[in-house]
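Q: Hey, dropping query-v3.cif in here, mmCIF, C-alpha atoms:
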```
data_data
#
loop_
_atom_site.label_atom_id
_atom_site.label_comp_id
_atom_site.auth_asym_id
_atom_site.auth_seq_id
_atom_site.Cartn_x
_atom_site.Cartn_y
_atom_site.Cartn_z
CA MET A 8 12.84 14.61 -18.86
CA SER A 9 12.28 15.98 -15.37
CA ILE A 10 10.39 14.20 -12.59
CA LYS A 11 6.86 15.52 -12.13
CA LEU A 12 5.46 12.95 -9.67
CA VAL A 13 7.05 11.17 -6.71
CA ALA A 14 5.23 8.15 -5.24
CA LEU A 15 6.17 7.32 -1.66
CA ASP A 16 5.59 4.20 0.37
CA LEU A 17 5.13 4.81 4.11
CA ASP A 18 6.44 2.16 6.53
CA GLY A 19 10.16 1.67 6.09
CA THR A 20 10.29 4.46 3.52
CA LEU A 21 8.83 7.86 4.42
CA LEU A 22 8.37 6.93 8.08
CA THR A 23 11.19 6.36 10.54
CA LYS A 24 11.30 3.27 12.71
CA ASP A 25 9.29 5.33 15.23
CA LYS A 26 6.54 5.76 12.59
CA GLU A 27 7.19 9.48 12.23
CA VAL A 28 8.01 11.79 9.31
CA SER A 29 11.39 13.41 9.87
CA VAL A 30 11.79 17.16 9.50
CA GLU A 31 14.19 16.50 6.63
CA ASN A 32 11.66 14.40 4.71
CA ARG A 33 8.82 16.83 5.39
CA ASP A 34 10.86 19.79 4.18
CA ALA A 35 11.95 17.95 1.03
CA ILE A 36 8.31 17.11 0.19
CA GLN A 37 7.42 20.79 0.62
CA ARG A 38 10.28 21.87 -1.65
CA ALA A 39 9.10 19.39 -4.28
CA LYS A 40 5.54 20.72 -4.08
CA GLU A 41 6.77 24.29 -4.42
CA ALA A 42 8.68 23.21 -7.54
CA GLY A 43 5.44 21.90 -9.06
CA VAL A 44 6.11 18.21 -8.40
CA LYS A 45 3.19 16.07 -7.24
CA VAL A 46 4.01 13.99 -4.17
CA VAL A 47 1.68 11.01 -3.75
CA LEU A 48 1.63 8.69 -0.75
CA CYS A 49 1.17 5.14 -2.00
CA THR A 50 0.12 2.71 0.72
CA GLY A 51 -1.82 -0.40 1.58
CA ARG A 52 -3.69 1.53 4.26
CA PRO A 53 -7.05 3.30 3.88
CA LEU A 54 -7.10 7.09 3.57
CA LYS A 55 -8.48 7.51 7.09
CA ALA A 56 -5.42 5.77 8.49
CA ILE A 57 -2.95 8.17 6.85
CA LEU A 58 -4.69 11.54 7.36
CA HIS A 59 -2.29 12.47 10.15
CA ILE A 60 0.68 11.76 7.86
CA LEU A 61 -0.87 13.70 4.98
CA LYS A 62 -1.47 16.64 7.31
CA ASP A 63 2.10 16.49 8.62
CA CYS A 64 3.41 16.56 5.03
CA ASN A 65 1.02 19.31 3.85
CA LEU A 66 -0.57 16.91 1.36
CA LEU A 67 -4.23 17.70 2.12
CA GLU A 68 -4.52 20.67 -0.21
CA GLU A 69 -6.61 21.03 -3.35
CA GLY A 70 -5.08 18.89 -6.10
CA ASP A 71 -3.25 16.53 -3.73
CA LEU A 72 -3.80 12.82 -4.42
CA GLY A 73 -3.20 9.57 -2.58
CA ILE A 74 -3.03 5.94 -3.71
CA THR A 75 -4.44 3.62 -1.05
CA TYR A 76 -5.23 -0.10 -0.66
CA ASN A 77 -2.01 -0.91 -2.57
CA GLY A 78 -3.28 0.70 -5.76
CA GLY A 79 -6.94 -0.28 -5.58
CA LEU A 80 -8.11 3.23 -4.78
CA ILE A 81 -6.98 6.69 -5.93
CA GLN A 82 -8.43 9.60 -3.97
CA TRP A 83 -8.31 13.36 -3.72
CA THR A 84 -6.91 13.68 -0.22
CA GLU A 85 -8.68 16.96 0.60
CA THR A 86 -12.17 15.54 0.09
CA GLY A 87 -11.71 11.75 0.04
CA GLU A 88 -13.48 11.66 -3.34
CA SER A 89 -12.46 8.67 -5.44
CA LEU A 90 -10.74 9.14 -8.78
CA SER A 91 -10.59 5.37 -9.32
CA GLN A 92 -11.64 2.32 -7.30
CA ILE A 93 -11.33 -1.44 -7.91
CA THR A 94 -13.03 -3.80 -5.45
CA MET A 95 -13.66 -7.51 -4.79
CA ASP A 96 -17.09 -9.11 -5.06
CA LYS A 97 -18.85 -11.53 -2.71
CA ASP A 98 -17.69 -14.66 -4.56
CA SER A 99 -14.04 -13.61 -4.26
CA VAL A 100 -14.43 -12.83 -0.56
CA LEU A 101 -15.94 -16.26 0.08
CA GLU A 102 -13.22 -17.98 -1.94
CA ILE A 103 -10.37 -16.27 -0.08
CA TYR A 104 -12.02 -16.85 3.28
CA ASP A 105 -12.37 -20.55 2.45
CA LEU A 106 -8.64 -20.59 1.61
CA SER A 107 -7.80 -19.03 4.99
CA GLN A 108 -9.76 -21.76 6.76
CA LYS A 109 -7.92 -24.49 4.85
CA LEU A 110 -4.58 -22.85 5.72
CA SER A 111 -5.66 -22.30 9.34
CA VAL A 112 -4.80 -18.60 9.42
CA PRO A 113 -7.08 -15.71 10.49
CA CYS A 114 -8.66 -13.60 7.76
CA ASN A 115 -10.12 -10.08 7.69
CA PHE A 116 -11.57 -8.04 4.86
CA ILE A 117 -11.88 -4.30 4.55
CA ASP A 118 -13.99 -1.70 2.79
CA LEU A 119 -13.64 2.09 2.95
CA ASN A 120 -14.89 2.33 6.52
CA THR A 121 -14.77 -1.05 8.30
CA VAL A 122 -12.60 -4.08 9.04
CA TYR A 123 -14.79 -7.19 9.03
CA GLU A 124 -14.12 -10.09 11.41
CA PRO A 125 -15.42 -13.46 10.23
CA ALA A 126 -14.93 -16.53 12.43
CA TYR A 127 -11.25 -17.23 13.00
CA PRO A 128 -9.62 -20.67 13.27
CA THR A 129 -9.84 -21.90 16.87
CA GLY A 130 -7.28 -20.16 19.07
CA LYS A 131 -6.01 -17.95 16.23
CA ASP A 132 -7.50 -14.50 16.61
CA SER A 133 -6.21 -12.09 13.97
CA LEU A 134 -3.23 -9.89 14.86
CA TYR A 135 -4.61 -7.11 12.66
CA PRO A 136 -6.11 -5.09 15.55
CA SER A 137 -2.53 -4.50 16.74
CA ILE A 138 -1.76 -2.85 13.38
CA MET A 139 -5.05 -1.17 12.43
CA ASN A 140 -6.27 1.26 15.07
CA ILE A 141 -8.19 3.70 12.86
CA LEU A 142 -11.04 1.71 11.31
CA PRO A 143 -13.60 -0.06 13.53
CA PHE A 144 -13.77 -3.87 13.58
CA LYS A 145 -17.15 -5.52 12.99
CA PRO A 146 -18.01 -9.24 13.38
CA ILE A 147 -19.71 -10.73 10.33
CA ASN A 148 -21.43 -14.03 9.55
CA MET A 149 -20.05 -15.47 6.32
CA ALA A 150 -23.24 -17.51 5.80
CA SER A 151 -25.23 -14.30 5.39
CA LEU A 152 -22.70 -12.10 3.63
CA PRO A 153 -24.49 -9.29 1.73
CA GLY A 154 -24.23 -9.56 -2.02
CA THR A 155 -23.76 -5.81 -2.40
CA MET A 156 -20.48 -5.57 -0.49
CA ALA A 157 -17.56 -3.85 -2.24
CA ILE A 158 -14.41 -5.06 -0.51
CA ASN A 159 -11.14 -3.26 -1.12
CA LYS A 160 -8.80 -5.98 0.13
CA MET A 161 -8.49 -9.12 2.24
CA ILE A 162 -5.69 -9.83 4.66
CA PHE A 163 -4.14 -12.68 6.61
CA CYS A 164 -2.42 -11.28 9.70
CA TRP A 165 -0.60 -13.87 11.79
CA HIS A 166 2.80 -14.74 13.25
CA GLN A 167 5.46 -14.54 10.55
CA GLU A 168 6.81 -18.11 10.67
CA GLU A 169 3.36 -19.73 10.53
CA LEU A 170 2.14 -17.20 7.97
CA ASP A 171 5.09 -17.89 5.68
CA GLN A 172 4.42 -21.61 5.92
CA ALA A 173 0.76 -21.01 5.00
CA ILE A 174 1.76 -18.79 2.07
CA SER A 175 3.93 -21.58 0.66
CA GLN A 176 0.83 -23.78 0.55
CA ILE A 177 -1.37 -21.39 -1.45
CA PRO A 178 -2.25 -23.16 -4.74
CA ALA A 179 -0.94 -21.56 -7.92
CA HIS A 180 -4.38 -20.80 -9.32
CA TYR A 181 -4.95 -18.27 -6.52
CA HIS A 182 -1.85 -16.38 -7.65
CA ASP A 183 -3.23 -16.47 -11.20
CA ARG A 184 -6.51 -14.89 -10.08
CA TYR A 185 -5.41 -12.44 -7.39
CA THR A 186 -2.58 -10.10 -6.46
CA ILE A 187 -1.05 -11.72 -3.36
CA MET A 188 1.82 -10.02 -1.54
CA LYS A 189 3.22 -9.22 1.89
CA SER A 190 3.26 -5.62 3.10
CA ARG A 191 4.75 -6.50 6.50
CA PRO A 192 6.47 -9.64 7.79
CA ASN A 193 3.22 -10.74 9.50
CA LEU A 194 0.70 -9.34 6.99
CA LEU A 195 -0.37 -10.90 3.68
CA GLU A 196 -2.67 -8.88 1.42
CA ILE A 197 -4.97 -10.31 -1.27
CA LEU A 198 -6.39 -7.93 -3.87
CA PRO A 199 -8.04 -8.09 -7.30
CA LYS A 200 -5.59 -9.21 -9.99
CA THR A 201 -5.78 -5.78 -11.61
CA VAL A 202 -4.53 -4.11 -8.42
CA ASP A 203 -1.00 -3.38 -7.24
CA LYS A 204 0.92 -0.17 -6.59
CA GLY A 205 2.39 -0.18 -10.09
CA LYS A 206 -1.00 -0.49 -11.80
CA GLY A 207 -2.40 2.21 -9.51
CA LEU A 208 0.48 4.51 -10.37
CA ALA A 209 0.06 3.81 -14.08
CA LEU A 210 -3.65 4.61 -13.86
CA LEU A 211 -2.91 7.88 -12.08
CA ALA A 212 -0.21 8.77 -14.62
CA ASP A 213 -2.73 8.25 -17.42
CA LYS A 214 -5.29 10.51 -15.73
CA LEU A 215 -2.64 13.20 -15.16
CA ASN A 216 -1.21 12.77 -18.68
CA LEU A 217 2.26 11.97 -17.36
CA ASP A 218 4.90 9.89 -19.11
CA VAL A 219 6.44 7.07 -17.11
CA SER A 220 9.82 8.82 -17.43
CA GLU A 221 8.40 11.67 -15.35
CA ILE A 222 7.69 9.43 -12.34
CA MET A 223 9.85 8.37 -9.41
CA ALA A 224 8.72 5.71 -6.93
CA ILE A 225 10.39 4.96 -3.59
CA GLY A 226 9.79 1.87 -1.44
CA ASP A 227 11.26 -0.97 0.59
CA GLN A 228 8.96 -4.03 0.65
CA GLU A 229 7.46 -6.65 -1.65
CA ASN A 230 4.27 -4.64 -2.17
CA ASP A 231 6.40 -1.74 -3.52
CA LEU A 232 8.03 -3.85 -6.24
CA ALA A 233 5.42 -3.20 -8.89
CA MET A 234 5.64 0.59 -8.64
CA ILE A 235 9.45 0.54 -8.48
CA GLN A 236 9.51 -1.59 -11.64
CA TYR A 237 6.97 0.68 -13.35
CA ALA A 238 8.42 4.11 -12.55
CA GLY A 239 10.94 5.87 -14.74
CA ILE A 240 13.18 6.01 -11.69
CA GLY A 241 12.62 3.21 -9.18
CA VAL A 242 14.27 3.88 -5.84
CA ALA A 243 14.92 1.35 -3.07
CA MET A 244 15.61 2.35 0.50
CA ASP A 245 18.91 1.19 1.97
CA ASN A 246 16.79 -0.85 4.41
CA ALA A 247 14.78 -2.44 1.57
CA THR A 248 14.60 -6.17 0.95
CA ASP A 249 17.23 -7.66 -1.37
CA GLU A 250 14.55 -8.33 -3.99
CA VAL A 251 13.47 -4.67 -4.04
CA LYS A 252 17.08 -3.47 -4.23
CA ALA A 253 17.72 -5.81 -7.16
CA GLN A 254 14.82 -4.29 -9.12
CA ALA A 255 15.56 -0.62 -8.33
CA ASP A 256 17.47 1.84 -10.49
CA ILE A 257 18.84 3.65 -7.44
CA ILE A 258 19.39 2.85 -3.77
CA THR A 259 18.97 5.80 -1.42
CA LYS A 260 19.72 6.13 2.29
CA SER A 261 17.69 4.30 4.93
CA ASN A 262 14.37 5.47 6.38
CA ASP A 263 16.16 6.58 9.56
CA GLU A 264 18.68 8.55 7.48
CA HIS A 265 16.01 10.58 5.62
CA GLY A 266 16.41 8.55 2.43
CA VAL A 267 13.30 10.10 0.87
CA ALA A 268 14.71 13.61 1.29
CA TYR A 269 18.05 12.48 -0.14
CA ALA A 270 16.39 11.01 -3.24
CA ILE A 271 14.14 14.03 -3.81
CA ASP A 272 16.96 16.53 -3.42
CA ARG A 273 19.41 14.60 -5.58
CA TYR A 274 17.23 13.22 -8.38
CA VAL A 275 14.18 15.50 -8.50
CA LEU A 276 15.21 18.99 -7.43
CA ASN A 277 18.88 18.96 -8.44
#
```
Kindly transcribe the structure held in the file into C-alpha cells.

A:
Amino acid sequence: MSIKLVALDLDGTLLTKDKEVSVENRDAIQRAKEAGVKVVLCTGRPLKAILHILKDCNLLEEGDLGITYNGGLIQWTETGESLSQITMDKDSVLEIYDLSQKLSVPCNFIDLNTVYEPAYPTGKDSLYPSIMNILPFKPINMASLPGTMAINKMIFCWHQEELDQAISQIPAHYHDRYTIMKSRPNLLEILPKTVDKGKGLALLADKLNLDVSEIMAIGDQENDLAMIQYAGIGVAMDNATDEVKAQADIITKSNDEHGVAYAIDRYVLN
C-alpha cells in the first residue's frame, strides 16, 4: 500500500542545525504534495510559531493540516481552525505547578495565544523565553487562576543536568496520569494522558480515513517516539537518539544531509 501521509517533526528533522528548511527538503515536500500525498508538520510548538515554516514549505493551502502541541491540537493551517483539541483543566495545572515547586524547577503553561508565567523558584527564572519568541508571556497569580482556562500544555524549561535530576524524582503516579516527555535537552513537556504525537496522528488518520500502513512518520527525539511507533513506516533521522533509532523501521540521513528529502524520495515517491 502506498504512503498517503507523511508526518514530519521539525527540530532535528525537517530543520537544519541553523533552524532552516533546506532547498532539498522543501522541493521534496512539494513533489509529495503534487503526487497527492499529505505532508503534515507534527510539533510541540503552537501554530503561530511555525507559520513561517509552513509558508516556506507551501503548506498553508486549502486542505493542509498541522499537528501542534505534540498531538493535542490538529488544525487547518490556512485558517487556524481546529479539527481536534485536547486541553488540561485548572486542577491539572495546579497539580503540575505544585510538582514544579517541589522539584524546584521553573514552570510555564500555554494556551493557543499566551505563555503564562507563575512565580518561579527563587533565582530560577524559566529558560523558555530563549526558546519561545512568538507567543507573549504573561505573569499569572496561581491563587486566582481562572476556572475556565483551557491549557494546551505545561513545560519545565531549565538547565539540562538539573532538569534531568528533577525528572528522575517525579513520582510514578504523575506518569500514570499525564504524558511526560522531553522535546529538547532542556525542555520537559507535560500534557494530558490522551495526548502524544502518535495519538494525534491516529486521530488525524481516522478523520482522513487512512490506514496506518499509508502513513510515514519521521523524527529524532523522545517526543517523536509515539508517532514513529504508530506509523506504518517509522523513520529515524541519522542524528536521532538511540532510543528512537531502536524503535524505527528505517534510518534516513541526518537533518543537515536532507534526510527528510531522502526518505520521501526513496520510500514515498519511488

Q: Mind listing as a PDB file with C-alpha atoms, in the coordinates of the input all residues within 9 Å of (-13.5, -5.9, 3.0), counting only C-alpha atoms?

A:
```pdb
ATOM      1  CA  THR A  94     -13.030  -3.800  -5.450  1.00  0.00           C
ATOM      2  CA  MET A  95     -13.660  -7.510  -4.790  1.00  0.00           C
ATOM      3  CA  VAL A 100     -14.430 -12.830  -0.560  1.00  0.00           C
ATOM      4  CA  ASN A 115     -10.120 -10.080   7.690  1.00  0.00           C
ATOM      5  CA  PHE A 116     -11.570  -8.040   4.860  1.00  0.00           C
ATOM      6  CA  ILE A 117     -11.880  -4.300   4.550  1.00  0.00           C
ATOM      7  CA  ASP A 118     -13.990  -1.700   2.790  1.00  0.00           C
ATOM      8  CA  LEU A 119     -13.640   2.090   2.950  1.00  0.00           C
ATOM      9  CA  THR A 121     -14.770  -1.050   8.300  1.00  0.00           C
ATOM     10  CA  VAL A 122     -12.600  -4.080   9.040  1.00  0.00           C
ATOM     11  CA  TYR A 123     -14.790  -7.190   9.030  1.00  0.00           C
ATOM     12  CA  MET A 156     -20.480  -5.570  -0.490  1.00  0.00           C
ATOM     13  CA  ALA A 157     -17.560  -3.850  -2.240  1.00  0.00           C
ATOM     14  CA  ILE A 158     -14.410  -5.060  -0.510  1.00  0.00           C
ATOM     15  CA  ASN A 159     -11.140  -3.260  -1.120  1.00  0.00           C
ATOM     16  CA  LYS A 160      -8.800  -5.980   0.130  1.00  0.00           C
ATOM     17  CA  MET A 161      -8.490  -9.120   2.240  1.00  0.00           C
ATOM     18  CA  ILE A 162      -5.690  -9.830   4.660  1.00  0.00           C
TER      19      ILE A 162
END
```

Q: At what distance in Å, to one decimal, does atom CA of Pro53 of chain A lie from atom CA of Asn140 of chain A?

A: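 Distance reported for this atom pair: 11.4 Å.
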
Q: Mind listing as a PyMOL selection string all residues within 6 Å of (10.8, 1.4, -4.5), counting all atoms listed in the file?

A: chain A and resi 224-227+231+235+241-243

Q: Which residue is closest to Asp203 of chain A? Choose from A:Val44, A:Leu134, A:Tyr76, A:Asp96 and count only C-alpha atoms.

A: A:Tyr76

Q: Counting all atoms listed in the file, which of A:Leu48, A:Leu170, A:Ile141, A:Ile103 gets nearest to His182 of chain A?

A: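 Of all the options, A:Ile103 lies closest to His182 of chain A.
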
Q: Quick one: everything within 8 Å of Cys164 of chain A, counting all atoms listed in the file, minus sequence neighbours fewer than 5 positions away in the same chain. Send it as a list in words.

A: Val112, Pro113, Cys114, Ser133, Leu134, Tyr135, Leu170, Asn193, Leu194 and Leu195 of chain A

Q: Using only C-alpha atoms, which of A:Leu142, A:Asp263, A:Thr50, A:Val219 sits nearest Lys26 of chain A?

A: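 Using only C-alpha atoms, the shortest distance to Lys26 of chain A belongs to A:Asp263.
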
Q: So what does the PyMOL selection byres ((chain A and resi 190) around 8) actually pick up in this one, as a ChimeraX atom specification?

A: /A:51,188-189,191-192,194-196,228-230

Q: Put those residues in a file: C-alpha atoms, as a PDB file, keeping the file's coordinate frame.

A:
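Just written: part.pdb:
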```
ATOM      1  CA  GLY A  51      -1.820  -0.400   1.580  1.00  0.00           C
ATOM      2  CA  MET A 188       1.820 -10.020  -1.540  1.00  0.00           C
ATOM      3  CA  LYS A 189       3.220  -9.220   1.890  1.00  0.00           C
ATOM      4  CA  ARG A 191       4.750  -6.500   6.500  1.00  0.00           C
ATOM      5  CA  PRO A 192       6.470  -9.640   7.790  1.00  0.00           C
ATOM      6  CA  LEU A 194       0.700  -9.340   6.990  1.00  0.00           C
ATOM      7  CA  LEU A 195      -0.370 -10.900   3.680  1.00  0.00           C
ATOM      8  CA  GLU A 196      -2.670  -8.880   1.420  1.00  0.00           C
ATOM      9  CA  GLN A 228       8.960  -4.030   0.650  1.00  0.00           C
ATOM     10  CA  GLU A 229       7.460  -6.650  -1.650  1.00  0.00           C
ATOM     11  CA  ASN A 230       4.270  -4.640  -2.170  1.00  0.00           C
TER      12      ASN A 230
END
```

Q: Quick one: apply the PyMOL selection byres ((chain A and resi 267-271) around 10) to the file and drop the selected residues here as an MDAnalysis selection string.

A: chainID A and resid 10 13 15:16 20:22 29:36 38:39 223 225:226 242:244 257:266 272:277

Q: Generate a file of the selected residues that holds C-alpha atoms, formatted as a tab-separated table (two decimals), keeping the file's coordinate frame.

A:
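Generated output (selection.tsv):
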```
chain	number	residue	atom	x	y	z
A	10	ILE	CA	10.39	14.20	-12.59
A	13	VAL	CA	7.05	11.17	-6.71
A	15	LEU	CA	6.17	7.32	-1.66
A	16	ASP	CA	5.59	4.20	0.37
A	20	THR	CA	10.29	4.46	3.52
A	21	LEU	CA	8.83	7.86	4.42
A	22	LEU	CA	8.37	6.93	8.08
A	29	SER	CA	11.39	13.41	9.87
A	30	VAL	CA	11.79	17.16	9.50
A	31	GLU	CA	14.19	16.50	6.63
A	32	ASN	CA	11.66	14.40	4.71
A	33	ARG	CA	8.82	16.83	5.39
A	34	ASP	CA	10.86	19.79	4.18
A	35	ALA	CA	11.95	17.95	1.03
A	36	ILE	CA	8.31	17.11	0.19
A	38	ARG	CA	10.28	21.87	-1.65
A	39	ALA	CA	9.10	19.39	-4.28
A	223	MET	CA	9.85	8.37	-9.41
A	225	ILE	CA	10.39	4.96	-3.59
A	226	GLY	CA	9.79	1.87	-1.44
A	242	VAL	CA	14.27	3.88	-5.84
A	243	ALA	CA	14.92	1.35	-3.07
A	244	MET	CA	15.61	2.35	0.50
A	257	ILE	CA	18.84	3.65	-7.44
A	258	ILE	CA	19.39	2.85	-3.77
A	259	THR	CA	18.97	5.80	-1.42
A	260	LYS	CA	19.72	6.13	2.29
A	261	SER	CA	17.69	4.30	4.93
A	262	ASN	CA	14.37	5.47	6.38
A	263	ASP	CA	16.16	6.58	9.56
A	264	GLU	CA	18.68	8.55	7.48
A	265	HIS	CA	16.01	10.58	5.62
A	266	GLY	CA	16.41	8.55	2.43
A	272	ASP	CA	16.96	16.53	-3.42
A	273	ARG	CA	19.41	14.60	-5.58
A	274	TYR	CA	17.23	13.22	-8.38
A	275	VAL	CA	14.18	15.50	-8.50
A	276	LEU	CA	15.21	18.99	-7.43
A	277	ASN	CA	18.88	18.96	-8.44
```

Q: Please enumerate the residues selected by the PyMOL selection byres ((chain A and resi 72-74) around 6) when evaluated against the supplied file, formatted as a list in words.

A: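 Those residues are Val47, Leu48, Cys49, Asp71, Thr75, Gly78, Leu80, Ile81, Gln82, Trp83 and Thr84 of chain A.
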
Q: Hey, can you check how far atom CA of Ile240 of chain A sits from atom CA of Leu90 of chain A?

A: 24.3 Å

Q: If I take atom CA of Leu215 of chain A and atom CA of Val46 of chain A, how far is one from the other in Å, to one decimal?

A: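 Atom CA of Val46 of chain A lies 12.9 Å from atom CA of Leu215 of chain A.
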
Q: Of the residues A:Asp105, A:Asp245, A:Asp63, A:Asp98, which is the one nearest to Pro153 of chain A, using all atoms listed in the file?

A: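 So, comparing all the options, the nearest one is A:Asp98.
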
Q: Write out as lines of an AutoDock Vina configuration file an axis-aligned box for segment 230-237 of chain A: all of its atoms listed in the file, 4 Å added on each side, centre and edge lengths in Å with one decimal.

A:
```
center_x = 6.9
center_y = -2.0
center_z = -7.8
size_x = 13.2
size_y = 13.3
size_z = 19.2
```

Q: With distances taken over only C-alpha atoms, which residue among A:Asp249, A:Ser99, A:Gly19, A:Pro143 lies nearest Leu198 of chain A?

A: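 The closest residue to Leu198 of chain A is A:Ser99.
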
Q: Using all atoms listed in the file, which protein or nucleic acid residues come within 9 Å of Thr201 of chain A? Drop anything in the same chain fewer than 5 positions from it, and give the result as a PDB file with C-alpha atoms, in the coordinates of the input.

A:
```
ATOM      1  CA  GLY A  79      -6.940  -0.280  -5.580  1.00  0.00           C
ATOM      2  CA  ILE A  93     -11.330  -1.440  -7.910  1.00  0.00           C
ATOM      3  CA  TYR A 185      -5.410 -12.440  -7.390  1.00  0.00           C
ATOM      4  CA  THR A 186      -2.580 -10.100  -6.460  1.00  0.00           C
ATOM      5  CA  LYS A 206      -1.000  -0.490 -11.800  1.00  0.00           C
ATOM      6  CA  GLY A 207      -2.400   2.210  -9.510  1.00  0.00           C
TER       7      GLY A 207
END
```
